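Below is one structure; the comments refer to it alone.
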Amino acid sequence: MKVALKIWRYDGATGEKALREYEIEAPEEATLLDCLDIIKDRHDGTLAYRKSCRMMICGSCGMRMDGAAVLACKTRMAEIAASGHVPVISAMGNLPVLKDLVVDMTPFWQKIRAVKPWLDTGYVEPPEKEFVVPQAEMDVIHKESLCIMCGCCVSECNSMEADPDFLGPAALAKGFRFVGDPRDRATVERLQAYSDEHGIWDCTRCYFCNERCPKGVDPRDAIAKLGAEAMREGIDSDMGARHAKWFVTSAKTTGWLRETELVPKTQGVVRSLKEIGFAMSLLRRGKVPPPFPPHVAKDVDEARQLYELVEREGHEGARGIVQLEKPLARLERHEAGYEEAAARGPYGPGSFPKPYLPGENESTEEGAA
Amino acid sequence: MRKVAYYKGCLASLSAKELDVATRALAPKVGLELEELESVTCCGAGDIHEAEPDYYLHLNARILAYAEATGTDTLMTVCNVCTLNLRQANHALKGDEALLARVNDNLVSVGAPAYSGSVDVLHFLWLVAAGEGYELLKRAAHRGLQGLKIAPFYGCQILRPSKLLGFDDPDRPESLERIIEACGGEAIDYPAKVKCCGFPIIQAREDVALAELVQPIEQAKEAGADAMVTPCPLCHLSLDAWQSKLRKQTGKDFQMPVLHLSQLIGVAAGLSESELKFKRHVVSVEPVVEKLAV
Ligand code: SF4
Ligand code: SF4
Ligand code: FES
């Protein structure tokens with residue numbers, strides 16, 4: 001097939017930029033990475049990009065296609081080539097570009113290192129017996145363990161664009177990989193460190209990271225798990241945590257968000273008083289609903305009682321999010337046509353191996369508690 | 001008329017009442033009969049999902065259960081955040097019998113109805129951007145927008161994660177553009193239309209949030225937009241109410257009117273000022289109204 005690509009070339013030494021168009025002949029099954037290889041081998045040896053495994057596991061080949069971060073080795077070109085669309089390939093965002101499609105990953109690795117990505121077992125000499133960890137406990141960090149550190153999530157992170165010091169989706173997902181690990185002994189210290197100014201509560205919930213991650217890590221959900229664990233441990237003095245807590249208080253008292261009290265509850269009375277001028281400008285437009293009498297939802301008692309029930313049942317913290325993962329993954333498999341593909345047999349068109357879902361084959365595990 | 005259960009959420013009940021008023025006034029013109037849910041609470045935004053995730057699930061299950069109890073198959077939302085929260089909870093409950101059973105036991109024990117999983121959560125935007133709703137909208141928008149230049153602003157949680165939302169292509173959405181054009185306006189294209197408005201962290205990290213917020217407003221202005229339109233009252237609040245803070249921070253006074261989706265269609269459908277309630281906006285919508293009056 002004929003594949004046409006436009007590639008943003010960049011020379012870090014001179015700062016020169018140019019959008020070059022290439023047209024190549026490639027086999028039907030070619031990925032974007034295969035096409036770049038063909039360009040480099042046969043058309044233009046000066047093109048720079050990273051690669052290694054060619055099979056979605058080393059995390060080297062992150063780049064943007066039409067502005068969206070992808071793994072070049074995961075992106076098949078047949079459909080795009082057939083449509084006649086000429087995609088624009090460029091380096092990932094939120095990282096300095098060195099040459100063409102190669103970014104400087106130094107800030108990425110600095111943030112990964114900052115979350116202490118190693119198991120803190122709390123001992124120096126290994127104990128005599130090995131630890132046996134039940135599978136169900138490791139399932140809690142199943143998704144985060146899938147990360148290949150490609151940086152695709154970071155590329156479009158809206159908070160990192162606005163605050164370059166934000167730890168960001170990859171590092172925080174890595175952080176949860178250890179916070180959620182039953183063998184780790186530094187949970188509280190980690191949660192405190194991750195709750196600082198450029199940590200958990202800096203995330204604006206834009207969900208670009210979940211959308212882009214080629215491995216299904218869903219970093220935004222990992223950040224929510226960190227938030228949930230931090231609050232469970234009482235690490236909740238950050239304004240972001242106080243903001244979140246006020247929603248819980250609102251829901252169980254009046255049912256609806258107590259919007260007007262949100263600012264002082266989040267920022268503290270002193271700081272919010274400084275905002276009085278701004279508040280008045282909103283008040284004039286009815287944007288500051290009076291807190292009295294409170295706007296109370298009908299049958300709000302049910303919401304109050306539910307809160308107490310939920311507290312007693314103890315599915316709190318990160319587990320409250322983890323419990324949603326299996327059904328949501330089933331949905332994805334369903335929408336990807338897994339059931340039909342499985343019915344067609346393993347070698348037919350559109351068939352693919354069954355993705356691993358932890359605990360799927362253990363019939364007892366749900367009821368075990 | 002398509003009967004739908006209407007969940008207005010916190011903002012449309014409180015600081016964005018104008019959204020509720022305009023949506024109600026517009027609904028019959030686009031073939032929707034709204035049955036408002038009364039015994040419901042806040043969906044928890046991203047906040048309860050993060051602070052008390054199991055409580056988040058129960059609150060949303062309860063909303064879904066009350067929607068189902070109205071006998072309709074559709075729960076209509078008017079907010080991005082409500083949409084993602086409810087769809088996420090809905091999919092999780094439908095995909096896990098044991099989870100649904102536990103949550104239902106709890107719902108019933110506090111006196112709420114149980115949920116069987118028959119409801120689909122759809123944003124108002126999706127109901128009027130395709131199918132019969134869209135045909136009715138084209139007819140309803142008789143007054144037109146007279147070529148007004150409108151910048152569509154989607155916000156995040158109606159596009160991403162697309163596996164839970166899935167109506168539009170998350171990178172190249174077109175539902176708002178279709179609506180703007182059906183209403184006789186001209187849709188402006190600009191890169192930040194799919195980015196974040198900063199609202200979730202506007203109180204806890206104001207500087208970071210404002211650095212996000214400035215992008216869509218500035219780009220819309222540069223592209224010559226007369227106004228912006230958004231399907232999310234949270235985006236609306238930051239775009240409209242926090243614009244004055246951008247003036248302080250950047251020295252630029254954008255004066256960009258921001259319309260709720262129901263208001264934009266409402267203008268084209270000839271709703272009155274008492275149904276549109278533009279006076280409740282912080283940035284004046286007067287320039288838009290004047291252009292249309294000519
Ligand atoms: S979370 Fe996903 S996108 Fe981010 S670095 Fe890991 S694998 Fe790549
Ligand atoms: S959801 Fe948070 S971490 Fe993920 S891309 Fe957006 S701001 Fe970054
Ligand atoms: S080359 Fe290893 S992930 Fe693409």
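Chain identifiers are assigned as A, B, and so on, following the order in which chains appear in the structure tokens; residues are numbered from 1 within each chain, and ligands are numbered from 1 in order of appearance.
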
- Using backbone DSSP assignments, extract all helix (DSSP H, G or I) residues from stretch 179-356 of chain A; output them as JSON, numbers by chain. {"A": [179, 187, 188, 189, 190, 191, 192, 193, 194, 200, 201, 202, 208, 209, 210, 211, 212, 219, 220, 221, 222, 223, 224, 225, 226, 227, 228, 229, 230, 231, 232, 239, 240, 241, 242, 243, 244, 245, 246, 247, 248, 249, 250, 251, 252, 253, 259, 260, 261, 262, 263, 264, 265, 266, 267, 269, 270, 271, 272, 273, 274, 276, 277, 278, 279, 280, 281, 282, 283, 300, 301, 302, 303, 304, 305, 306, 307, 308, 309, 310, 311, 312, 313, 319, 320, 321, 322, 325, 326, 327, 328, 329, 330, 331, 332, 333, 334, 335, 338, 339, 340, 341, 342, 343, 344]}

- Query: Looking only at the backbone, which of the residues in stretch 88-175 of chain B does DSSP tag as strand (DSSP E or B), as a list in words?
  - Reply: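 The residues of stretch 88-175 of chain B classed as strand (DSSP E or B) are Asp120, Val121, Leu122, His123, Lys149, Ile150, Ala151 and Pro152 of chain B.
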
Kindly work out which residues sit at most 12 Å from ligand 1, using only C-alpha atoms and all ligand atoms, and give the list as a compact mmCIF listing (two decimals) with all heavy atoms, in the first residue's frame.
```
# COMPACT_ATOMS: atom_id res chain seq x y z
N MET A 56 5.20 -2.94 21.55
CA MET A 56 4.39 -2.29 22.60
C MET A 56 4.80 -2.65 24.01
O MET A 56 3.97 -2.76 24.89
CB MET A 56 2.90 -2.66 22.44
CG MET A 56 2.31 -2.31 21.12
SD MET A 56 0.70 -3.10 20.97
CE MET A 56 1.07 -4.50 19.93
N ILE A 57 6.08 -2.86 24.24
CA ILE A 57 6.46 -3.25 25.58
C ILE A 57 7.64 -2.43 26.13
O ILE A 57 7.78 -2.30 27.34
CB ILE A 57 6.70 -4.77 25.67
CG1 ILE A 57 6.66 -5.26 27.13
CG2 ILE A 57 8.01 -5.19 25.02
CD1 ILE A 57 5.32 -5.09 27.78
N CYS A 58 8.45 -1.82 25.26
CA CYS A 58 9.61 -1.09 25.79
C CYS A 58 9.26 0.36 26.11
O CYS A 58 9.92 1.00 26.92
CB CYS A 58 10.78 -1.15 24.81
SG CYS A 58 10.55 -0.12 23.35
N GLY A 59 8.21 0.89 25.48
CA GLY A 59 7.82 2.26 25.76
C GLY A 59 8.67 3.33 25.10
O GLY A 59 8.63 4.49 25.49
N SER A 60 9.43 2.97 24.06
CA SER A 60 10.34 3.94 23.44
C SER A 60 9.67 4.83 22.40
O SER A 60 10.13 5.95 22.17
CB SER A 60 11.49 3.22 22.72
OG SER A 60 12.16 2.37 23.60
N CYS A 61 8.66 4.32 21.72
CA CYS A 61 8.25 4.94 20.46
C CYS A 61 7.05 5.87 20.57
O CYS A 61 6.31 6.04 19.60
CB CYS A 61 7.99 3.87 19.42
SG CYS A 61 6.57 2.85 19.82
N GLY A 62 6.86 6.50 21.75
CA GLY A 62 5.77 7.46 21.88
C GLY A 62 5.98 8.67 20.98
O GLY A 62 7.08 9.22 20.92
N MET A 63 4.94 9.07 20.27
CA MET A 63 4.99 10.27 19.43
C MET A 63 3.56 10.70 19.14
O MET A 63 2.61 10.01 19.52
CB MET A 63 5.76 9.99 18.14
CG MET A 63 5.20 8.88 17.31
SD MET A 63 6.24 8.45 15.88
CE MET A 63 7.68 7.74 16.62
N ALA A 68 -2.26 13.64 18.76
CA ALA A 68 -2.59 12.72 19.84
C ALA A 68 -1.45 11.73 20.04
O ALA A 68 -0.99 11.10 19.08
CB ALA A 68 -3.88 11.96 19.52
N ALA A 69 -0.99 11.58 21.28
CA ALA A 69 0.15 10.69 21.55
C ALA A 69 -0.24 9.23 21.31
O ALA A 69 -1.29 8.77 21.77
CB ALA A 69 0.64 10.89 22.97
N VAL A 70 0.61 8.52 20.59
CA VAL A 70 0.40 7.09 20.30
C VAL A 70 1.75 6.37 20.41
O VAL A 70 2.80 7.00 20.37
CB VAL A 70 -0.16 6.85 18.87
CG1 VAL A 70 -1.54 7.44 18.71
CG2 VAL A 70 0.80 7.39 17.80
N LEU A 71 1.69 5.05 20.54
CA LEU A 71 2.89 4.25 20.33
C LEU A 71 2.96 3.97 18.84
O LEU A 71 2.01 3.40 18.27
CB LEU A 71 2.80 2.92 21.08
CG LEU A 71 2.96 2.91 22.59
CD1 LEU A 71 2.90 1.47 23.09
CD2 LEU A 71 4.27 3.56 23.02
N MET A 92 6.22 14.13 21.04
CA MET A 92 5.27 14.22 22.14
C MET A 92 5.30 15.62 22.76
O MET A 92 6.30 16.33 22.66
CB MET A 92 5.61 13.20 23.23
CG MET A 92 5.27 11.77 22.87
SD MET A 92 5.27 10.69 24.31
CE MET A 92 6.99 10.67 24.76
N MET A 105 13.66 12.90 27.74
CA MET A 105 12.82 12.27 28.77
C MET A 105 13.31 12.60 30.19
O MET A 105 12.74 12.10 31.17
CB MET A 105 12.81 10.74 28.58
CG MET A 105 12.09 10.25 27.32
SD MET A 105 10.28 10.44 27.36
CE MET A 105 9.79 9.00 28.34
N PHE A 108 10.73 13.58 32.68
CA PHE A 108 9.86 12.42 32.94
C PHE A 108 10.49 11.51 33.99
O PHE A 108 9.86 11.15 34.98
CB PHE A 108 9.64 11.66 31.62
CG PHE A 108 8.78 10.44 31.74
CD1 PHE A 108 7.40 10.53 31.57
CD2 PHE A 108 9.34 9.19 32.00
CE1 PHE A 108 6.60 9.40 31.67
CE2 PHE A 108 8.55 8.05 32.10
CZ PHE A 108 7.18 8.16 31.94
N TRP A 109 11.77 11.18 33.79
CA TRP A 109 12.43 10.26 34.72
C TRP A 109 12.63 10.90 36.08
O TRP A 109 12.57 10.23 37.11
CB TRP A 109 13.76 9.77 34.14
CG TRP A 109 13.57 8.96 32.90
CD1 TRP A 109 14.03 9.23 31.64
CD2 TRP A 109 12.84 7.72 32.79
NE1 TRP A 109 13.63 8.25 30.75
CE2 TRP A 109 12.89 7.32 31.44
CE3 TRP A 109 12.13 6.94 33.70
CZ2 TRP A 109 12.27 6.16 30.97
CZ3 TRP A 109 11.51 5.79 33.24
CH2 TRP A 109 11.59 5.41 31.89
N LYS A 111 10.60 12.85 37.59
CA LYS A 111 9.34 12.72 38.33
C LYS A 111 9.10 11.28 38.75
O LYS A 111 8.58 11.02 39.84
CB LYS A 111 8.19 13.26 37.49
CG LYS A 111 8.24 14.76 37.39
CD LYS A 111 7.27 15.31 36.38
CE LYS A 111 7.49 16.81 36.26
NZ LYS A 111 6.67 17.39 35.19
N ILE A 112 9.47 10.34 37.89
CA ILE A 112 9.33 8.93 38.27
C ILE A 112 10.20 8.67 39.50
O ILE A 112 9.77 8.05 40.48
CB ILE A 112 9.75 8.00 37.11
CG1 ILE A 112 8.81 8.17 35.91
CG2 ILE A 112 9.83 6.53 37.58
CD1 ILE A 112 7.49 7.46 36.01
N LYS A 143 -3.60 -2.77 37.21
CA LYS A 143 -3.55 -1.84 36.07
C LYS A 143 -2.28 -0.99 36.11
O LYS A 143 -1.63 -0.79 35.08
CB LYS A 143 -4.78 -0.93 36.07
CG LYS A 143 -6.01 -1.66 35.57
CD LYS A 143 -7.25 -0.83 35.75
CE LYS A 143 -7.47 0.12 34.61
NZ LYS A 143 -8.79 0.78 34.75
N GLU A 144 -1.94 -0.50 37.30
CA GLU A 144 -0.78 0.38 37.40
C GLU A 144 0.50 -0.38 37.05
O GLU A 144 1.47 0.20 36.58
CB GLU A 144 -0.68 0.98 38.80
CG GLU A 144 -1.77 2.01 39.12
CD GLU A 144 -3.14 1.40 39.35
OE1 GLU A 144 -3.22 0.17 39.58
OE2 GLU A 144 -4.15 2.14 39.30
N SER A 145 0.50 -1.68 37.29
CA SER A 145 1.69 -2.48 36.99
C SER A 145 1.92 -2.65 35.49
O SER A 145 2.97 -3.11 35.07
CB SER A 145 1.57 -3.86 37.63
OG SER A 145 1.24 -3.75 38.98
N LEU A 146 0.91 -2.29 34.70
CA LEU A 146 1.04 -2.48 33.25
C LEU A 146 1.83 -1.37 32.57
O LEU A 146 2.15 -1.44 31.39
CB LEU A 146 -0.35 -2.55 32.60
CG LEU A 146 -1.27 -3.69 33.06
CD1 LEU A 146 -2.66 -3.51 32.45
CD2 LEU A 146 -0.70 -5.04 32.66
N CYS A 147 2.15 -0.31 33.32
CA CYS A 147 2.78 0.87 32.70
C CYS A 147 4.14 0.53 32.08
O CYS A 147 4.96 -0.15 32.68
CB CYS A 147 2.96 1.95 33.77
SG CYS A 147 3.89 3.38 33.18
N ILE A 148 4.37 1.00 30.86
CA ILE A 148 5.65 0.78 30.19
C ILE A 148 6.45 2.09 30.11
O ILE A 148 7.44 2.18 29.39
CB ILE A 148 5.46 0.19 28.79
CG1 ILE A 148 4.61 1.10 27.91
CG2 ILE A 148 4.85 -1.21 28.87
CD1 ILE A 148 4.56 0.71 26.44
N MET A 149 5.99 3.12 30.79
CA MET A 149 6.70 4.40 30.90
C MET A 149 7.02 5.01 29.54
O MET A 149 8.15 5.45 29.28
CB MET A 149 7.95 4.23 31.74
CG MET A 149 7.59 3.59 33.08
SD MET A 149 8.57 4.16 34.41
CE MET A 149 9.37 2.65 34.86
N CYS A 150 6.01 5.05 28.70
CA CYS A 150 6.21 5.60 27.36
C CYS A 150 6.04 7.11 27.32
O CYS A 150 6.50 7.77 26.40
CB CYS A 150 5.22 4.95 26.40
SG CYS A 150 3.51 5.24 26.86
N GLY A 151 5.29 7.67 28.29
CA GLY A 151 5.07 9.11 28.32
C GLY A 151 3.88 9.61 27.51
O GLY A 151 3.62 10.81 27.45
N CYS A 152 3.12 8.70 26.90
CA CYS A 152 1.98 9.16 26.10
C CYS A 152 0.97 9.92 26.96
O CYS A 152 0.34 10.87 26.50
CB CYS A 152 1.27 7.97 25.44
SG CYS A 152 2.22 7.26 24.09
N CYS A 153 0.80 9.50 28.22
CA CYS A 153 -0.15 10.18 29.10
C CYS A 153 0.32 11.59 29.41
O CYS A 153 -0.48 12.53 29.49
CB CYS A 153 -0.33 9.38 30.38
SG CYS A 153 1.21 9.02 31.24
N VAL A 154 1.63 11.73 29.61
CA VAL A 154 2.20 13.03 29.97
C VAL A 154 2.08 14.02 28.81
O VAL A 154 1.87 15.21 29.00
CB VAL A 154 3.68 12.82 30.37
CG1 VAL A 154 4.46 14.13 30.31
CG2 VAL A 154 3.77 12.18 31.75
N SER A 155 2.17 13.49 27.60
CA SER A 155 2.19 14.33 26.40
C SER A 155 1.04 15.34 26.36
O SER A 155 1.23 16.48 25.99
CB SER A 155 2.16 13.44 25.15
OG SER A 155 2.03 14.22 23.99
N GLU A 156 -0.16 14.88 26.75
CA GLU A 156 -1.30 15.79 26.65
C GLU A 156 -1.88 16.17 28.01
O GLU A 156 -3.01 16.65 28.07
CB GLU A 156 -2.38 15.16 25.78
CG GLU A 156 -2.26 15.56 24.33
CD GLU A 156 -1.56 14.47 23.51
OE1 GLU A 156 -2.16 13.41 23.32
OE2 GLU A 156 -0.41 14.69 23.10
N CYS A 157 -1.14 15.95 29.06
CA CYS A 157 -1.64 16.28 30.40
C CYS A 157 -1.87 17.79 30.51
O CYS A 157 -0.93 18.57 30.45
CB CYS A 157 -0.66 15.80 31.46
SG CYS A 157 -1.10 16.32 33.13
N GLY A 168 2.44 14.54 37.62
CA GLY A 168 1.87 14.01 36.38
C GLY A 168 1.40 12.58 36.46
O GLY A 168 1.64 11.85 37.43
N PRO A 169 0.70 12.16 35.39
CA PRO A 169 -0.01 10.88 35.41
C PRO A 169 0.90 9.65 35.53
O PRO A 169 0.58 8.74 36.29
CB PRO A 169 -0.77 10.87 34.07
CG PRO A 169 -0.11 11.91 33.22
CD PRO A 169 0.43 12.93 34.16
N ALA A 170 2.01 9.61 34.82
CA ALA A 170 2.84 8.40 34.85
C ALA A 170 3.46 8.21 36.23
O ALA A 170 3.41 7.12 36.82
CB ALA A 170 3.92 8.47 33.78
N ALA A 171 4.04 9.29 36.78
CA ALA A 171 4.70 9.18 38.09
C ALA A 171 3.69 8.86 39.18
O ALA A 171 3.95 8.05 40.07
CB ALA A 171 5.45 10.47 38.40
N LEU A 172 2.51 9.50 39.13
CA LEU A 172 1.53 9.24 40.18
C LEU A 172 0.96 7.82 40.06
O LEU A 172 0.71 7.16 41.07
CB LEU A 172 0.42 10.30 40.16
CG LEU A 172 0.88 11.66 40.71
CD1 LEU A 172 -0.13 12.76 40.40
CD2 LEU A 172 1.14 11.60 42.22
N ALA A 173 0.77 7.35 38.82
CA ALA A 173 0.31 5.96 38.66
C ALA A 173 1.36 5.01 39.24
O ALA A 173 1.04 4.03 39.92
CB ALA A 173 0.05 5.64 37.19
N LYS A 174 2.61 5.33 38.99
CA LYS A 174 3.70 4.52 39.57
C LYS A 174 3.63 4.61 41.09
O LYS A 174 3.82 3.61 41.80
CB LYS A 174 5.05 5.05 39.05
CG LYS A 174 6.26 4.26 39.48
CD LYS A 174 6.22 2.82 39.03
CE LYS A 174 6.43 2.68 37.53
NZ LYS A 174 6.10 1.31 37.06
N GLY A 175 3.34 5.79 41.61
CA GLY A 175 3.21 5.95 43.05
C GLY A 175 2.14 5.03 43.62
O GLY A 175 2.33 4.37 44.64
N PHE A 176 1.00 4.95 42.93
CA PHE A 176 -0.05 4.06 43.45
C PHE A 176 0.35 2.59 43.36
O PHE A 176 -0.04 1.77 44.19
CB PHE A 176 -1.41 4.26 42.76
CG PHE A 176 -2.46 3.38 43.40
CD1 PHE A 176 -2.95 3.70 44.66
CD2 PHE A 176 -2.88 2.21 42.80
CE1 PHE A 176 -3.85 2.86 45.30
CE2 PHE A 176 -3.77 1.36 43.44
CZ PHE A 176 -4.26 1.70 44.70
N ARG A 177 1.18 2.28 42.38
CA ARG A 177 1.64 0.90 42.26
C ARG A 177 2.32 0.45 43.56
O ARG A 177 2.29 -0.72 43.93
CB ARG A 177 2.61 0.77 41.06
CG ARG A 177 3.02 -0.65 40.73
CD ARG A 177 4.49 -0.85 41.07
NE ARG A 177 4.84 -2.26 41.11
CZ ARG A 177 4.73 -3.00 42.21
NH1 ARG A 177 4.24 -2.49 43.34
NH2 ARG A 177 5.08 -4.27 42.20
N TYR A 207 -8.74 13.84 31.92
CA TYR A 207 -8.84 12.47 31.40
C TYR A 207 -8.09 12.26 30.08
O TYR A 207 -8.32 11.28 29.40
CB TYR A 207 -10.31 12.03 31.24
CG TYR A 207 -10.94 11.62 32.55
CD1 TYR A 207 -11.57 12.54 33.37
CD2 TYR A 207 -10.89 10.29 32.98
CE1 TYR A 207 -12.15 12.17 34.58
CE2 TYR A 207 -11.46 9.90 34.19
CZ TYR A 207 -12.10 10.84 34.98
OH TYR A 207 -12.67 10.47 36.16
N PHE A 208 -7.18 13.17 29.72
CA PHE A 208 -6.36 12.91 28.53
C PHE A 208 -5.49 11.68 28.76
O PHE A 208 -5.24 10.90 27.85
CB PHE A 208 -5.49 14.12 28.19
CG PHE A 208 -6.11 15.03 27.18
CD1 PHE A 208 -6.60 16.28 27.55
CD2 PHE A 208 -6.21 14.66 25.84
CE1 PHE A 208 -7.18 17.13 26.62
CE2 PHE A 208 -6.78 15.50 24.90
CZ PHE A 208 -7.27 16.74 25.29
N CYS A 209 -5.00 11.52 30.01
CA CYS A 209 -4.08 10.41 30.27
C CYS A 209 -4.77 9.07 30.05
O CYS A 209 -4.21 8.17 29.41
CB CYS A 209 -3.49 10.51 31.67
SG CYS A 209 -4.71 10.75 32.98
N ASN A 210 -6.01 8.94 30.55
CA ASN A 210 -6.74 7.67 30.33
C ASN A 210 -6.97 7.45 28.85
O ASN A 210 -6.89 6.32 28.36
CB ASN A 210 -8.09 7.72 31.03
CG ASN A 210 -7.98 7.53 32.53
OD1 ASN A 210 -6.94 7.81 33.09
ND2 ASN A 210 -9.04 7.08 33.17
N GLU A 211 -7.27 8.54 28.16
CA GLU A 211 -7.59 8.42 26.73
C GLU A 211 -6.37 7.96 25.94
O GLU A 211 -6.48 7.18 25.00
CB GLU A 211 -8.08 9.78 26.22
CG GLU A 211 -8.69 9.76 24.84
CD GLU A 211 -9.99 8.96 24.77
OE1 GLU A 211 -10.77 9.00 25.73
OE2 GLU A 211 -10.20 8.28 23.76
N ARG A 212 -5.21 8.44 26.34
CA ARG A 212 -4.02 8.19 25.53
C ARG A 212 -3.28 6.91 25.89
O ARG A 212 -2.56 6.34 25.07
CB ARG A 212 -3.03 9.35 25.70
CG ARG A 212 -3.53 10.68 25.18
CD ARG A 212 -3.70 10.66 23.67
NE ARG A 212 -4.03 12.01 23.20
CZ ARG A 212 -5.17 12.36 22.63
NH1 ARG A 212 -6.11 11.45 22.42
NH2 ARG A 212 -5.37 13.60 22.26
N CYS A 213 -3.34 6.50 27.14
CA CYS A 213 -2.47 5.39 27.58
C CYS A 213 -2.68 4.16 26.71
O CYS A 213 -3.78 3.64 26.59
CB CYS A 213 -2.74 5.05 29.04
SG CYS A 213 -1.76 3.61 29.55
N PRO A 214 -1.60 3.66 26.09
CA PRO A 214 -1.75 2.50 25.19
C PRO A 214 -1.82 1.17 25.94
O PRO A 214 -2.01 0.13 25.32
CB PRO A 214 -0.46 2.57 24.35
CG PRO A 214 0.54 3.24 25.23
CD PRO A 214 -0.23 4.20 26.09
N LYS A 215 -1.66 1.21 27.26
CA LYS A 215 -1.63 -0.04 28.01
C LYS A 215 -2.80 -0.18 28.99
O LYS A 215 -2.82 -1.11 29.80
CB LYS A 215 -0.31 -0.16 28.79
CG LYS A 215 0.94 -0.11 27.94
CD LYS A 215 0.99 -1.20 26.89
CE LYS A 215 1.44 -2.53 27.45
NZ LYS A 215 1.69 -3.53 26.37
N GLY A 216 -3.74 0.72 28.96
CA GLY A 216 -4.90 0.59 29.86
C GLY A 216 -4.59 0.86 31.32
O GLY A 216 -5.28 0.35 32.20
N VAL A 217 -3.59 1.68 31.60
CA VAL A 217 -3.25 1.96 32.99
C VAL A 217 -4.31 2.86 33.65
O VAL A 217 -4.59 2.74 34.84
CB VAL A 217 -1.85 2.63 33.08
CG1 VAL A 217 -1.55 3.07 34.51
CG2 VAL A 217 -0.78 1.67 32.60
N ASP A 218 -4.91 3.74 32.86
CA ASP A 218 -5.87 4.72 33.38
C ASP A 218 -5.28 5.51 34.56
O ASP A 218 -5.74 5.42 35.70
CB ASP A 218 -7.18 4.04 33.82
CG ASP A 218 -8.00 3.58 32.61
OD1 ASP A 218 -7.78 4.10 31.50
OD2 ASP A 218 -8.85 2.68 32.77
N PRO A 219 -4.27 6.33 34.26
CA PRO A 219 -3.59 7.06 35.35
C PRO A 219 -4.53 7.98 36.15
O PRO A 219 -4.34 8.12 37.35
CB PRO A 219 -2.53 7.90 34.61
CG PRO A 219 -2.34 7.22 33.30
CD PRO A 219 -3.64 6.58 32.96
N ARG A 220 -5.51 8.57 35.52
CA ARG A 220 -6.42 9.44 36.28
C ARG A 220 -7.08 8.63 37.40
O ARG A 220 -7.26 9.14 38.51
CB ARG A 220 -7.45 10.07 35.35
CG ARG A 220 -8.63 10.73 36.03
CD ARG A 220 -8.27 11.84 37.00
NE ARG A 220 -9.15 11.79 38.16
CZ ARG A 220 -8.87 12.27 39.36
NH1 ARG A 220 -7.74 12.88 39.60
NH2 ARG A 220 -9.73 12.16 40.33
N ASP A 221 -7.45 7.40 37.12
CA ASP A 221 -8.09 6.57 38.15
C ASP A 221 -7.07 6.25 39.24
O ASP A 221 -7.43 6.17 40.42
CB ASP A 221 -8.64 5.28 37.54
CG ASP A 221 -9.76 5.57 36.54
OD1 ASP A 221 -10.01 6.75 36.26
OD2 ASP A 221 -10.37 4.62 36.04
N ALA A 222 -5.81 6.07 38.85
CA ALA A 222 -4.77 5.81 39.86
C ALA A 222 -4.64 7.02 40.79
O ALA A 222 -4.45 6.87 42.00
CB ALA A 222 -3.43 5.52 39.18
N ILE A 223 -4.76 8.22 40.21
CA ILE A 223 -4.66 9.43 41.03
C ILE A 223 -5.85 9.51 41.99
O ILE A 223 -5.71 9.85 43.17
CB ILE A 223 -4.56 10.68 40.14
CG1 ILE A 223 -3.27 10.62 39.31
CG2 ILE A 223 -4.60 11.96 40.97
CD1 ILE A 223 -3.16 11.65 38.22
```

Check which residues of chain B sit at most 10 Å from ligand 2 using only C-alpha atoms and all ligand atoms, and return one row each with the closest pair of atoms and their distance in Å to one decimal, ordered by chain and rising number, as a Markdown table.
```
| residue | atom | partner | partner_atom_place_in_ligand_line | distance |
| --- | --- | --- | --- | --- |
| B:Cys156 | CA | ligand 2 | 6 (Fe) | 9.0 |
| B:Arg160 | CA | ligand 2 | 1 (S) | 9.5 |
| B:Pro161 | CA | ligand 2 | 1 (S) | 9.7 |
| B:Lys195 | CA | ligand 2 | 6 (Fe) | 9.4 |
| B:Cys196 | CA | ligand 2 | 6 (Fe) | 8.2 |
| B:Gly198 | CA | ligand 2 | 7 (S) | 9.2 |
| B:Pro200 | CA | ligand 2 | 7 (S) | 9.8 |
| B:Ile201 | CA | ligand 2 | 7 (S) | 9.7 |
```

Output the selection as a PDB file, in the first residue's frame - C-alpha atoms for each residue.
```pdb
ATOM      1  CA  CYS B 156     -13.415  17.185  29.142  1.00  0.00           C
ATOM      2  CA  ARG B 160     -12.947  11.514  27.646  1.00  0.00           C
ATOM      3  CA  PRO B 161     -12.615   8.718  28.563  1.00  0.00           C
ATOM      4  CA  LYS B 195      -9.161  20.892  26.440  1.00  0.00           C
ATOM      5  CA  CYS B 196      -9.819  21.575  30.097  1.00  0.00           C
ATOM      6  CA  GLY B 198      -9.596  24.267  34.785  1.00  0.00           C
ATOM      7  CA  PRO B 200     -12.018  21.105  39.046  1.00  0.00           C
ATOM      8  CA  ILE B 201      -8.977  22.836  40.554  1.00  0.00           C
TER       9      ILE B 201
END
```

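Counting only C-alpha atoms, every residue of chain A that comes within 6 Å of chain B is listed here: Ala162, Asp163, Thr204, Cys206, Tyr207, Glu211, Ala224, Gly227, Ala228, Met239, Gly240, Ala244, Val248, Gly255, Trp256, Leu257, Arg285, Lys287, Pro289, Lys298, Asp299, Glu302, Gly320, Ile321, Leu324, Pro327 and Leu328 of chain A.
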
- One-decimal distance in Å that lies between atom CA of A:Pro27 and atom CA of A:Met55: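 Interatomic distance here is 17.0 Å.
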